[in-house]
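What follows is the content of input37.tsv, which has TSV, C-alpha atoms:
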```
chain	number	residue	atom	x	y	z
A	820	MET	CA	-117.72	80.22	-66.70
A	821	ALA	CA	-121.00	79.49	-64.98
A	822	GLY	CA	-123.74	80.55	-67.32
A	823	GLY	CA	-127.49	80.27	-67.16
A	824	GLY	CA	-128.08	78.85	-70.57
A	825	GLY	CA	-131.28	79.11	-72.48
A	826	GLU	CA	-133.28	81.56	-70.46
A	827	ALA	CA	-135.52	84.04	-72.19
A	828	GLY	CA	-134.09	87.46	-72.95
A	829	ALA	CA	-131.52	89.07	-75.15
A	830	CYS	CA	-128.55	87.31	-73.65
A	831	ALA	CA	-128.23	83.77	-72.36
A	832	VAL	CA	-124.94	84.17	-70.56
A	833	SER	CA	-124.60	85.70	-67.11
A	834	PRO	CA	-121.74	88.04	-66.22
A	835	PRO	CA	-118.57	86.55	-64.72
A	836	PRO	CA	-118.41	86.54	-60.92
A	837	LEU	CA	-115.47	88.88	-60.55
A	838	GLN	CA	-114.65	91.15	-57.66
A	839	GLY	CA	-115.83	94.67	-58.15
A	840	LEU	CA	-117.59	93.80	-61.39
A	841	GLN	CA	-118.88	96.75	-63.38
A	842	LEU	CA	-120.52	96.87	-66.76
A	843	VAL	CA	-118.42	99.21	-68.85
A	844	GLN	CA	-120.04	99.01	-72.22
A	845	GLN	CA	-122.79	97.33	-74.10
A	846	GLY	CA	-121.96	96.91	-77.76
A	847	ALA	CA	-123.73	95.26	-80.64
A	848	GLU	CA	-121.66	92.11	-80.32
A	849	ALA	CA	-120.45	91.97	-76.78
A	850	ARG	CA	-120.64	93.33	-73.27
A	851	LEU	CA	-117.56	94.67	-71.63
A	852	TYR	CA	-117.05	94.30	-67.89
A	853	ARG	CA	-114.33	95.48	-65.57
A	854	GLY	CA	-113.26	93.60	-62.44
A	855	GLN	CA	-110.50	91.90	-60.51
A	856	PHE	CA	-109.29	88.64	-61.98
A	857	LEU	CA	-106.59	86.57	-60.32
A	858	GLY	CA	-105.48	89.64	-58.42
A	859	ARG	CA	-105.32	91.96	-61.43
A	860	ALA	CA	-107.47	94.65	-62.95
A	861	ALA	CA	-109.09	92.97	-65.92
A	862	VAL	CA	-111.60	93.58	-68.65
A	863	VAL	CA	-113.95	90.80	-69.68
A	864	LYS	CA	-115.44	90.75	-73.13
A	865	LEU	CA	-118.51	88.61	-73.24
A	866	ARG	CA	-119.85	87.86	-76.68
A	867	PHE	CA	-123.54	87.26	-76.46
A	868	SER	CA	-125.77	85.27	-78.69
A	869	LYS	CA	-127.66	86.90	-81.46
A	870	ARG	CA	-130.85	84.98	-81.25
A	871	TYR	CA	-131.82	85.61	-84.83
A	872	ARG	CA	-128.88	83.53	-85.93
A	873	HIS	CA	-129.03	79.82	-86.46
A	874	PRO	CA	-127.49	78.26	-83.33
A	875	ALA	CA	-124.85	76.31	-85.24
A	876	LEU	CA	-123.72	79.40	-87.07
A	877	GLU	CA	-123.93	81.37	-83.86
A	878	GLU	CA	-121.60	79.04	-82.04
A	879	ARG	CA	-119.06	78.91	-84.85
A	880	LEU	CA	-119.06	82.62	-85.49
A	881	SER	CA	-118.73	83.53	-81.85
A	882	ARG	CA	-115.93	81.11	-81.33
A	883	ARG	CA	-114.12	82.20	-84.48
A	884	ARG	CA	-114.32	85.85	-83.52
A	885	THR	CA	-113.10	85.10	-80.01
A	886	ALA	CA	-110.18	83.04	-81.28
A	887	GLN	CA	-109.33	85.62	-83.93
A	888	GLU	CA	-109.30	88.34	-81.34
A	889	ALA	CA	-106.96	86.43	-79.05
A	890	ARG	CA	-104.71	85.51	-81.94
A	891	SER	CA	-104.51	89.09	-83.20
A	892	LEU	CA	-103.72	90.45	-79.77
A	893	LEU	CA	-100.78	88.08	-79.50
A	894	ARG	CA	-99.67	88.92	-83.01
A	895	CYS	CA	-99.74	92.63	-82.21
A	896	ARG	CA	-97.67	92.24	-79.11
A	897	ARG	CA	-95.09	90.07	-80.82
A	898	ALA	CA	-94.67	92.85	-83.36
A	899	GLY	CA	-94.25	95.43	-80.63
A	900	ILE	CA	-97.67	97.02	-81.08
A	901	SER	CA	-99.31	97.85	-77.78
A	902	ALA	CA	-102.47	95.84	-77.22
A	903	PRO	CA	-103.96	94.36	-74.03
A	904	VAL	CA	-102.42	91.20	-72.59
A	905	VAL	CA	-104.72	88.17	-72.86
A	906	TYR	CA	-105.20	86.52	-69.47
A	907	PHE	CA	-107.71	83.78	-70.30
A	908	VAL	CA	-109.94	82.69	-73.13
A	909	ASP	CA	-113.11	80.78	-72.36
A	910	TYR	CA	-114.22	79.00	-75.51
A	911	VAL	CA	-117.35	77.67	-73.84
A	912	SER	CA	-118.97	81.04	-73.31
A	913	ASN	CA	-116.74	82.88	-75.80
A	914	CYS	CA	-115.37	85.25	-73.24
A	915	ILE	CA	-111.97	86.91	-73.24
A	916	TYR	CA	-110.30	88.09	-70.06
A	917	LEU	CA	-107.86	90.87	-70.83
A	918	GLU	CA	-105.57	93.34	-69.18
A	919	ASP	CA	-107.43	96.46	-68.12
A	920	ILE	CA	-105.58	99.54	-69.31
A	921	VAL	CA	-106.37	101.42	-66.12
A	922	GLU	CA	-107.46	105.04	-66.34
A	923	SER	CA	-106.97	105.13	-70.06
A	924	THR	CA	-108.62	107.67	-72.32
A	925	THR	CA	-109.94	106.83	-75.76
A	926	VAL	CA	-108.35	108.74	-78.60
A	927	ARG	CA	-111.88	109.83	-79.42
A	928	ASP	CA	-112.35	111.51	-76.07
A	929	TYR	CA	-108.88	113.01	-76.17
A	930	ILE	CA	-109.33	114.63	-79.56
A	931	THR	CA	-112.74	115.93	-78.57
A	932	SER	CA	-111.50	117.40	-75.33
A	933	VAL	CA	-108.49	119.09	-76.92
A	934	GLN	CA	-110.66	120.58	-79.63
A	935	GLN	CA	-113.26	121.77	-77.16
A	936	SER	CA	-110.78	123.28	-74.77
A	937	GLY	CA	-109.26	125.25	-77.59
A	938	LYS	CA	-105.85	124.33	-76.29
A	939	ASP	CA	-102.74	123.90	-78.38
A	940	THR	CA	-103.56	121.38	-81.06
A	941	SER	CA	-100.00	120.55	-82.05
A	942	ASN	CA	-100.20	117.49	-79.83
A	943	LEU	CA	-103.07	116.30	-81.99
A	944	PHE	CA	-100.78	116.30	-85.00
A	945	LEU	CA	-98.24	114.30	-83.06
A	946	LEU	CA	-101.03	111.92	-82.11
A	947	ALA	CA	-102.14	111.57	-85.73
A	948	GLU	CA	-98.58	110.73	-86.69
A	949	LYS	CA	-98.34	108.22	-83.87
A	950	ILE	CA	-101.50	106.52	-85.08
A	951	GLY	CA	-100.24	106.47	-88.66
A	952	GLU	CA	-97.03	104.91	-87.49
A	953	VAL	CA	-98.71	102.21	-85.41
A	954	LEU	CA	-101.16	101.31	-88.18
A	955	ALA	CA	-98.30	101.07	-90.66
A	956	ARG	CA	-96.50	98.62	-88.41
A	957	MET	CA	-99.70	96.66	-87.92
A	958	HIS	CA	-100.35	96.44	-91.65
A	959	ASP	CA	-96.75	95.49	-92.29
A	960	GLU	CA	-97.50	92.46	-90.11
A	961	ASP	CA	-100.40	91.78	-92.47
A	962	LEU	CA	-102.79	92.31	-89.61
A	963	ILE	CA	-106.07	93.97	-90.53
A	964	HIS	CA	-107.93	95.44	-87.55
A	965	GLY	CA	-111.35	95.41	-89.18
A	966	ASP	CA	-112.97	98.04	-86.99
A	967	LEU	CA	-110.67	101.03	-86.75
A	968	THR	CA	-112.25	103.93	-84.95
A	969	THR	CA	-110.94	106.45	-82.47
A	970	SER	CA	-112.88	104.63	-79.75
A	971	ASN	CA	-110.81	101.54	-80.40
A	972	MET	CA	-107.58	103.33	-79.60
A	973	LEU	CA	-106.59	104.06	-76.02
A	974	LEU	CA	-104.04	106.39	-74.48
A	975	ARG	CA	-102.38	105.30	-71.26
A	976	PRO	CA	-102.12	107.96	-68.57
A	977	PRO	CA	-100.64	110.54	-68.77
A	978	VAL	CA	-102.33	111.21	-72.14
A	979	GLU	CA	-99.76	113.74	-73.28
A	980	GLU	CA	-97.21	110.96	-73.68
A	981	LEU	CA	-99.35	109.56	-76.51
A	982	ASP	CA	-98.77	105.98	-75.38
A	983	LEU	CA	-101.18	104.33	-77.78
A	984	VAL	CA	-102.91	100.97	-77.22
A	985	LEU	CA	-105.08	99.31	-79.86
A	986	ILE	CA	-108.13	97.35	-78.73
A	987	ASP	CA	-111.11	95.40	-80.04
A	988	PHE	CA	-109.72	92.96	-82.54
A	989	GLY	CA	-112.96	91.04	-82.85
A	990	LEU	CA	-113.23	91.65	-86.56
A	991	SER	CA	-109.55	91.33	-87.31
A	992	PHE	CA	-107.97	88.99	-89.82
A	993	ILE	CA	-104.67	88.31	-91.54
A	994	SER	CA	-104.19	89.64	-95.07
A	995	GLY	CA	-101.36	90.87	-97.23
A	996	LEU	CA	-103.69	92.44	-99.78
A	997	PRO	CA	-103.34	96.20	-100.25
A	998	GLU	CA	-107.11	96.29	-100.82
A	999	ASP	CA	-107.82	94.99	-97.32
A	1000	LYS	CA	-105.37	97.45	-95.80
A	1001	GLY	CA	-106.87	100.24	-97.85
A	1002	VAL	CA	-110.34	99.36	-96.61
A	1003	ASP	CA	-109.03	99.26	-93.04
A	1004	LEU	CA	-107.80	102.84	-93.44
A	1005	TYR	CA	-111.00	103.85	-95.19
A	1006	VAL	CA	-113.08	102.64	-92.26
A	1007	LEU	CA	-110.92	104.76	-89.98
A	1008	GLU	CA	-111.17	107.75	-92.26
A	1009	LYS	CA	-114.94	107.66	-92.31
A	1010	ALA	CA	-115.14	107.18	-88.55
A	1011	PHE	CA	-112.54	109.83	-87.91
A	1012	LEU	CA	-113.99	112.55	-90.09
A	1013	SER	CA	-117.57	111.95	-89.00
A	1014	THR	CA	-116.73	111.87	-85.28
A	1015	HIS	CA	-114.28	114.74	-85.27
A	1016	PRO	CA	-115.26	117.74	-87.40
A	1017	ASN	CA	-112.58	119.80	-89.11
A	1018	THR	CA	-109.88	117.16	-88.86
A	1019	ASP	CA	-109.07	116.72	-92.53
A	1020	THR	CA	-105.54	117.99	-92.07
A	1021	LEU	CA	-105.11	115.77	-89.03
A	1022	PHE	CA	-106.05	112.70	-91.01
A	1023	GLU	CA	-103.78	113.79	-93.82
A	1024	ALA	CA	-100.90	113.90	-91.36
A	1025	LEU	CA	-101.87	110.41	-90.22
A	1026	LEU	CA	-101.72	109.07	-93.77
A	1027	LYS	CA	-98.48	110.85	-94.46
A	1028	LYS	CA	-96.82	109.22	-91.49
A	1029	TYR	CA	-98.37	105.89	-92.47
A	1030	SER	CA	-96.79	106.19	-95.93
A	1031	ALA	CA	-93.45	107.12	-94.46
A	1032	THR	CA	-93.45	104.21	-92.04
A	1033	SER	CA	-94.82	101.34	-94.09
A	1034	LYS	CA	-92.69	99.80	-96.78
A	1035	LYS	CA	-95.71	98.65	-98.69
A	1036	SER	CA	-97.73	101.84	-98.37
A	1037	SER	CA	-97.94	103.15	-101.92
A	1038	LEU	CA	-100.13	100.30	-103.11
A	1039	VAL	CA	-102.26	100.63	-100.01
A	1040	ILE	CA	-102.84	104.33	-100.49
A	1041	LYS	CA	-103.66	103.71	-104.12
A	1042	LYS	CA	-106.30	101.23	-103.04
A	1043	LEU	CA	-107.57	103.67	-100.46
A	1044	ASP	CA	-108.13	106.22	-103.21
A	1045	GLU	CA	-109.99	103.63	-105.26
A	1046	VAL	CA	-112.16	102.63	-102.30
A	1047	ARG	CA	-112.98	106.28	-101.61
A	1048	LEU	CA	-114.31	106.59	-105.12
A	1049	ARG	CA	-116.37	103.48	-104.61
A	1050	GLY	CA	-118.09	104.51	-101.41
A	1051	ARG	CA	-121.76	105.16	-100.70
A	1052	LYS	CA	-123.56	107.67	-102.84
A	1053	ARG	CA	-120.76	107.66	-105.31
A	1054	SER	CA	-121.46	107.29	-108.95
A	1055	MET	CA	-119.55	104.54	-110.63
A	1056	VAL	CA	-120.65	105.65	-114.02
A	1057	GLY	CA	-117.42	105.89	-115.92
B	1491	MET	CA	-93.97	81.30	-42.99
B	1492	GLN	CA	-95.96	82.83	-45.79
B	1493	HIS	CA	-97.68	80.66	-48.30
B	1494	PHE	CA	-99.81	82.30	-50.94
B	1495	THR	CA	-103.51	81.63	-51.37
B	1496	HIS	CA	-106.07	82.75	-53.90
B	1497	GLN	CA	-109.71	81.93	-54.38
B	1498	LEU	CA	-110.43	81.43	-58.07
B	1499	GLU	CA	-113.11	83.95	-59.02
B	1500	LEU	CA	-114.61	81.80	-61.74
B	1501	PHE	CA	-114.67	78.72	-59.50
B	1502	PRO	CA	-115.52	80.15	-56.08
B	1503	ASP	CA	-115.35	76.76	-54.35
B	1504	CYS	CA	-111.76	76.41	-55.52
B	1505	ARG	CA	-108.82	77.69	-53.54
B	1506	VAL	CA	-105.24	77.66	-54.80
B	1507	THR	CA	-102.28	77.55	-52.41
B	1508	LEU	CA	-98.69	78.11	-53.45
B	1509	VAL	CA	-95.86	76.93	-51.19
B	1510	LEU	CA	-92.21	77.63	-51.97
B	1511	PHE	CA	-89.23	75.68	-50.69
B	1512	ASN	CA	-85.50	76.26	-50.95
B	1513	ASP	CA	-82.50	74.02	-50.06
B	1514	VAL	CA	-84.54	70.96	-50.92
B	1515	LYS	CA	-82.66	67.70	-50.42
B	1516	ASN	CA	-85.26	65.10	-51.40
B	1517	ALA	CA	-86.42	66.18	-54.87
B	1518	VAL	CA	-86.14	62.56	-56.09
B	1519	ALA	CA	-88.48	61.29	-53.36
B	1520	LEU	CA	-90.88	64.18	-53.84
B	1521	ARG	CA	-91.16	63.50	-57.55
B	1522	LYS	CA	-91.94	59.87	-56.78
B	1523	LYS	CA	-94.58	60.85	-54.22
B	1524	ALA	CA	-96.20	63.24	-56.68
B	1525	MET	CA	-96.31	60.59	-59.39
B	1526	GLU	CA	-97.72	58.00	-57.00
B	1527	GLY	CA	-100.27	60.48	-55.79
B	1528	SER	CA	-99.25	60.55	-52.14
B	1529	ILE	CA	-98.65	64.26	-52.59
B	1530	ASP	CA	-101.67	65.69	-54.39
B	1531	GLY	CA	-100.15	68.82	-55.79
B	1532	ALA	CA	-98.30	70.16	-58.80
B	1533	LEU	CA	-94.57	70.21	-58.20
B	1534	ILE	CA	-93.10	73.03	-60.20
B	1535	ASN	CA	-89.58	74.23	-60.87
B	1536	PRO	CA	-89.63	77.76	-59.41
B	1537	ALA	CA	-86.65	78.84	-61.52
B	1538	MET	CA	-89.11	79.06	-64.43
B	1539	ILE	CA	-91.62	81.21	-62.56
B	1540	VAL	CA	-91.40	85.01	-62.47
B	1541	ASP	CA	-94.58	85.80	-60.58
B	1542	PRO	CA	-97.38	83.95	-58.74
B	1543	PHE	CA	-99.77	85.38	-61.36
B	1544	GLN	CA	-98.14	83.04	-63.88
B	1545	ILE	CA	-99.18	80.08	-61.72
B	1546	LEU	CA	-102.68	81.45	-61.17
B	1547	VAL	CA	-103.25	81.84	-64.91
B	1548	ALA	CA	-102.06	78.26	-65.51
B	1549	THR	CA	-104.19	76.95	-62.66
B	1550	ASN	CA	-107.32	78.84	-63.66
B	1551	LYS	CA	-107.12	77.44	-67.18
B	1552	ALA	CA	-106.46	73.93	-65.83
B	1553	VAL	CA	-109.47	74.02	-63.52
B	1554	HIS	CA	-111.65	75.40	-66.32
B	1555	LEU	CA	-110.67	72.60	-68.69
B	1556	HIS	CA	-110.93	70.00	-65.94
B	1557	ARG	CA	-114.49	71.06	-65.18
B	1558	ILE	CA	-115.57	70.75	-68.79
B	1559	GLY	CA	-113.64	67.53	-69.35
B	1560	LYS	CA	-111.32	69.02	-71.93
B	1561	MET	CA	-107.89	68.75	-70.34
B	1562	LYS	CA	-104.97	67.92	-72.59
B	1563	THR	CA	-103.18	65.89	-69.92
B	1564	ARG	CA	-104.48	63.18	-67.62
B	1565	THR	CA	-104.49	64.90	-64.26
B	1566	LEU	CA	-105.26	68.37	-62.96
B	1567	ASN	CA	-101.75	68.68	-61.55
B	1568	ALA	CA	-100.13	67.76	-64.85
B	1569	GLU	CA	-102.44	70.20	-66.61
B	1570	ILE	CA	-101.29	73.07	-64.40
B	1571	ILE	CA	-97.68	72.32	-65.28
B	1572	PHE	CA	-98.52	71.92	-68.98
B	1573	ASN	CA	-100.30	75.28	-69.06
B	1574	LEU	CA	-97.11	77.03	-68.03
B	1575	SER	CA	-95.48	76.03	-71.28
B	1576	PRO	CA	-95.60	78.32	-74.33
B	1577	ASN	CA	-95.98	75.30	-76.59
B	1578	ASN	CA	-98.23	72.28	-76.90
B	1579	ASN	CA	-95.68	69.53	-76.29
B	1580	ILE	CA	-96.79	67.86	-73.07
B	1581	SER	CA	-93.71	65.84	-72.18
B	1582	ASP	CA	-91.45	68.81	-72.89
B	1583	ALA	CA	-93.60	70.96	-70.61
B	1584	LEU	CA	-93.54	68.48	-67.75
B	1585	LYS	CA	-89.78	68.15	-68.09
B	1586	LYS	CA	-89.02	71.86	-68.24
B	1587	PHE	CA	-91.59	73.14	-65.73
B	1588	GLY	CA	-91.85	70.17	-63.41
B	1589	ILE	CA	-89.12	69.39	-60.93
B	1590	SER	CA	-86.02	67.37	-61.74
B	1591	ASP	CA	-84.13	64.98	-59.49
B	1592	ASN	CA	-81.38	67.42	-58.63
B	1593	ASP	CA	-83.51	70.54	-58.09
B	1594	SER	CA	-82.91	72.39	-54.85
B	1595	ALA	CA	-86.00	74.56	-55.00
B	1596	VAL	CA	-89.59	73.40	-55.36
B	1597	LEU	CA	-92.87	75.24	-55.73
B	1598	ILE	CA	-95.94	73.24	-54.81
B	1599	VAL	CA	-99.40	74.19	-56.07
B	1600	LEU	CA	-102.30	72.80	-54.09
B	1601	ILE	CA	-105.93	72.92	-55.08
B	1602	GLU	CA	-108.81	72.70	-52.64
B	1603	ASP	CA	-112.46	72.48	-53.53
B	1604	LYS	CA	-115.70	70.95	-52.27
B	1605	GLU	CA	-114.33	67.47	-52.80
B	1606	LYS	CA	-110.81	67.95	-51.61
B	1607	THR	CA	-109.13	69.65	-48.69
B	1608	VAL	CA	-105.44	70.04	-48.27
B	1609	ASN	CA	-103.33	69.32	-45.24
B	1610	LEU	CA	-100.66	71.94	-45.57
B	1611	GLU	CA	-98.70	70.81	-42.53
B	1612	SER	CA	-98.54	67.28	-43.84
B	1613	ILE	CA	-97.23	68.43	-47.23
B	1614	ILE	CA	-94.65	70.73	-45.66
B	1615	SER	CA	-93.40	67.96	-43.38
B	1616	GLN	CA	-92.67	65.75	-46.38
B	1617	VAL	CA	-90.32	68.28	-47.93
B	1618	GLU	CA	-86.74	68.16	-46.70
B	1619	GLY	CA	-86.10	71.80	-47.20
B	1620	GLN	CA	-86.75	75.30	-46.01
B	1621	GLN	CA	-90.17	76.79	-46.61
B	1622	VAL	CA	-89.78	80.38	-47.76
B	1623	SER	CA	-92.19	83.18	-48.53
B	1624	LEU	CA	-93.35	83.67	-52.13
B	1625	ALA	CA	-91.73	87.09	-51.84
B	1626	GLU	CA	-88.40	85.28	-52.19
B	1627	LEU	CA	-89.36	83.87	-55.58
B	1628	HIS	CA	-87.47	86.51	-57.50
B	1629	LYS	CA	-84.23	85.29	-55.94
B	1630	ILE	CA	-84.84	81.81	-57.25
B	1631	THR	CA	-86.05	82.72	-60.76
B	1632	ASP	CA	-83.56	82.07	-63.54
B	1633	ILE	CA	-84.40	84.97	-65.84
B	1634	SER	CA	-82.19	83.88	-68.73
B	1635	LYS	CA	-83.69	80.39	-68.69
B	1636	VAL	CA	-87.18	81.90	-68.66
B	1637	LYS	CA	-86.38	84.23	-71.56
B	1638	LYS	CA	-84.95	81.36	-73.55
B	1639	MET	CA	-88.07	79.29	-72.92
B	1640	TYR	CA	-90.68	81.89	-73.78
B	1641	LYS	CA	-88.76	83.55	-76.62
B	1642	LEU	CA	-90.09	87.07	-76.37
B	1643	THR	CA	-89.32	89.21	-79.40
B	1644	PRO	CA	-87.18	92.34	-78.88
B	1645	GLN	CA	-90.14	94.52	-79.94
B	1646	GLU	CA	-92.32	92.83	-77.37
B	1647	GLU	CA	-89.90	93.61	-74.58
B	1648	LYS	CA	-90.33	97.28	-75.36
B	1649	ILE	CA	-94.07	97.36	-74.86
B	1650	GLY	CA	-94.44	95.22	-71.79
B	1651	THR	CA	-92.85	93.15	-69.07
B	1652	LEU	CA	-91.47	89.63	-69.37
B	1653	LEU	CA	-94.52	88.48	-67.42
B	1654	ASP	CA	-96.85	90.09	-69.99
B	1655	GLY	CA	-95.21	88.12	-72.79
B	1656	ILE	CA	-95.34	84.93	-70.77
B	1657	ILE	CA	-99.03	85.27	-69.95
B	1658	CYS	CA	-99.96	86.04	-73.56
B	1659	ARG	CA	-98.27	82.92	-74.79
B	1660	MET	CA	-99.76	80.74	-72.09
B	1661	SER	CA	-103.30	81.95	-72.75
B	1662	THR	CA	-103.22	81.81	-76.54
B	1663	LYS	CA	-101.05	78.82	-77.31
B	1664	ASP	CA	-103.98	76.60	-78.23
B	1665	ILE	CA	-105.03	78.87	-81.10
B	1666	ALA	CA	-101.85	80.72	-81.94
```

As a first step, turn the structure in this file into structure tokens.
Amino acid sequence: MAGGGGEAGACAVSPPPLQGLQLVQQGAEARLYRGQFLGRAAVVKLRFSKRYRHPALEERLSRRRTAQEARSLLRCRRAGISAPVVYFVDYVSNCIYLEDIVESTTVRDYITSVQQSGKDTSNLFLLAEKIGEVLARMHDEDLIHGDLTTSNMLLRPPVEELDLVLIDFGLSFISGLPEDKGVDLYVLEKAFLSTHPNTDTLFEALLKKYSATSKKSSLVIKKLDEVRLRGRKRSMVG
Amino acid sequence: MQHFTHQLELFPDCRVTLVLFNDVKNAVALRKKAMEGSIDGALINPAMIVDPFQILVATNKAVHLHRIGKMKTRTLNAEIIFNLSPNNNISDALKKFGISDNDSAVLIVLIEDKEKTVNLESIISQVEGQQVSLAELHKITDISKVKKMYKLTPQEEKIGTLLDGIICRMSTKDIA
């Protein structure tokens, strides 16, 4: 990837020269672009340098996260969990070229729109169960997502079919520990409940389906309860 | 006759051309020419290819690694063939994805850039066979051989196409 290295500014790497390139999102870690790559609709995730980091650490961290992401995406797919296909990984600029899930809707936007429209919310319960099921299968593969939020879950069109795709595995890792799985769910719970008001019962349905699907769930849920007690502004005075 | 061309987005000076032949009689000679370098292209067994995209992904990665001096094989053409394989065994890849002496179909991948132009007519004239359009590829693909090679899991087949599984393995095999 041709990159202008070392120029002043927040980011030293220039965007990839793809057809119809559009900046989709600017995150804390990476920029997301959309464009045509080798004749296909693709998404490019460009990790940029955090200039406050030591360059050696920077390089290693960026590369590790990129590799982890690619590895996790493959692992998901092998287990039958829908995640974008990896087209190309550039370890020089730490860029991943992925399948673009065209015209997808984030679960976040879907939940919000259903709630706002006041339409029938029974589909939301089905969605919650779907999510619980997918996460159970993911955790049964000992894959921890690391950044579960409703923005990191996509629905392929038409949304009503609840065809779920997980994305953004940049912070993912492999672990069999119930604690790590519990924390993964806790992160989602916090994100879920803070983004979508009045969804306690929805999340409960999610966890219920998770428990029903995963063979190792009871320990995980136990850990989740423990982590909940540990959280911010919680007294650990026994 | 239709050949297939694509300009690599990440290497705009680089153009990839795919030419497909059927009823090939001189596979032995072609292999020799490719090894000697008198044909400067990657000679691929089209029975292992399900879509031109598969070739483009392999080629893009090969050119990328070539440009940064990090190829796993010794030539760009060998690297393209190697990248098609789901594993990291070079000789196995060249054997399975390159052409064999008794192959009757051949897919040639040609790369053009600032330093190198390709004489398509000259290449075509050296093949004793019928040039066919890339649209005919699906007739030549041996799906069961491909499935056996790439070993998609049954769960994987439910969430995507054979091509999806193939591409994933090709692109992540170095860190899988």

When you draw a straight line from CA of Ile915 (chain A) to CA of Lys1551 (chain B), how long is it in Å?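 That distance, rounded to one decimal, is 12.2 Å.
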
Any idea what's packed within 10 Å of region 948-954 of chain A, counting all atoms listed in the file, ignoring anything in its chain fewer than 4 positions away? Could you give it as a ChimeraX atom specification? /A:899-901,926,942-944,958-960,962-964,967,969,972,981-985,1000,1003-1004,1021-1033

Calculated over only C-alpha atoms, which of the candidates B:Thr1507, B:Ser1528, B:Thr1662, B:Asn1516 has the smallest distance to Ser1612 (chain B)?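 With only C-alpha atoms as the atom set, the closest residue is B:Ser1528.
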
Counting all atoms listed in the file, which residues of chain A sit at most 8 Å from some atom of chain B, and what is each one's closest atom pair with its distance in Å to one decimal, listed by chain and rising residue number, as a Markdown table?
```
| residue | atom | partner | partner_atom | distance |
| --- | --- | --- | --- | --- |
| A:Met820 | CA | B:Leu1500 | CA | 6.1 |
| A:Ala821 | CA | B:Leu1500 | CA | 7.5 |
| A:Pro835 | CA | B:Leu1500 | CA | 6.9 |
| A:Pro836 | CA | B:Leu1500 | CA | 6.1 |
| A:Leu837 | CA | B:Glu1499 | CA | 5.7 |
| A:Gln838 | CA | B:Glu1499 | CA | 7.5 |
| A:Phe856 | CA | B:Glu1499 | CA | 6.7 |
| A:Leu857 | CA | B:Leu1546 | CA | 6.5 |
| A:Gly858 | CA | B:Phe1543 | CA | 7.7 |
| A:Ala886 | CA | B:Ile1665 | CA | 6.6 |
| A:Ala889 | CA | B:Thr1662 | CA | 6.5 |
| A:Arg890 | CA | B:Ala1666 | CA | 5.6 |
| A:Leu893 | CA | B:Cys1658 | CA | 6.3 |
| A:Arg896 | CA | B:Glu1646 | CA | 5.7 |
| A:Arg897 | CA | B:Glu1646 | CA | 5.2 |
| A:Ala898 | CA | B:Gln1645 | CA | 5.9 |
| A:Gly899 | CA | B:Gln1645 | CA | 4.3 |
| A:Ile900 | CA | B:Ile1649 | CA | 7.2 |
| A:Ser901 | CA | B:Ile1649 | CA | 6.0 |
| A:Val904 | CA | B:Cys1658 | CA | 5.8 |
| A:Val905 | CA | B:Cys1658 | CA | 5.3 |
| A:Tyr906 | CA | B:Ser1661 | CA | 5.9 |
| A:Phe907 | CA | B:Ser1661 | CA | 5.4 |
| A:Val908 | CA | B:Ser1661 | CA | 6.7 |
```

Those same residues, written as a PDB file, in the frame of the given file with C-alpha atoms?
```pdb
ATOM      1  CA  MET A 820    -117.720  80.220 -66.700  1.00  0.00           C
ATOM      2  CA  ALA A 821    -121.000  79.490 -64.980  1.00  0.00           C
ATOM      3  CA  PRO A 835    -118.570  86.550 -64.720  1.00  0.00           C
ATOM      4  CA  PRO A 836    -118.410  86.540 -60.920  1.00  0.00           C
ATOM      5  CA  LEU A 837    -115.470  88.880 -60.550  1.00  0.00           C
ATOM      6  CA  GLN A 838    -114.650  91.150 -57.660  1.00  0.00           C
ATOM      7  CA  PHE A 856    -109.290  88.640 -61.980  1.00  0.00           C
ATOM      8  CA  LEU A 857    -106.590  86.570 -60.320  1.00  0.00           C
ATOM      9  CA  GLY A 858    -105.480  89.640 -58.420  1.00  0.00           C
ATOM     10  CA  ALA A 886    -110.180  83.040 -81.280  1.00  0.00           C
ATOM     11  CA  ALA A 889    -106.960  86.430 -79.050  1.00  0.00           C
ATOM     12  CA  ARG A 890    -104.710  85.510 -81.940  1.00  0.00           C
ATOM     13  CA  LEU A 893    -100.780  88.080 -79.500  1.00  0.00           C
ATOM     14  CA  ARG A 896     -97.670  92.240 -79.110  1.00  0.00           C
ATOM     15  CA  ARG A 897     -95.090  90.070 -80.820  1.00  0.00           C
ATOM     16  CA  ALA A 898     -94.670  92.850 -83.360  1.00  0.00           C
ATOM     17  CA  GLY A 899     -94.250  95.430 -80.630  1.00  0.00           C
ATOM     18  CA  ILE A 900     -97.670  97.020 -81.080  1.00  0.00           C
ATOM     19  CA  SER A 901     -99.310  97.850 -77.780  1.00  0.00           C
ATOM     20  CA  VAL A 904    -102.420  91.200 -72.590  1.00  0.00           C
ATOM     21  CA  VAL A 905    -104.720  88.170 -72.860  1.00  0.00           C
ATOM     22  CA  TYR A 906    -105.200  86.520 -69.470  1.00  0.00           C
ATOM     23  CA  PHE A 907    -107.710  83.780 -70.300  1.00  0.00           C
ATOM     24  CA  VAL A 908    -109.940  82.690 -73.130  1.00  0.00           C
TER      25      VAL A 908
END
```

Surrounding residues of region 1635-1639 of chain B excluding itself and chain neighbours under 5 positions, 8 Å, all atoms listed in the file, as a list in words: Ala1537, Met1538, Ile1539, Pro1576 and Leu1652 of chain B

Point-to-point distance in Å for CA of Leu840 (chain A) and CA of Gly854 (chain A):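 So the answer is 4.5 Å.
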
Could you tell me how far CA of Ala1595 (chain B) lies from CA of Ile1614 (chain B), in Å and to one decimal?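 Spanning CA of Ala1595 (chain B) to CA of Ile1614 (chain B) is a straight-line distance of 13.3 Å.
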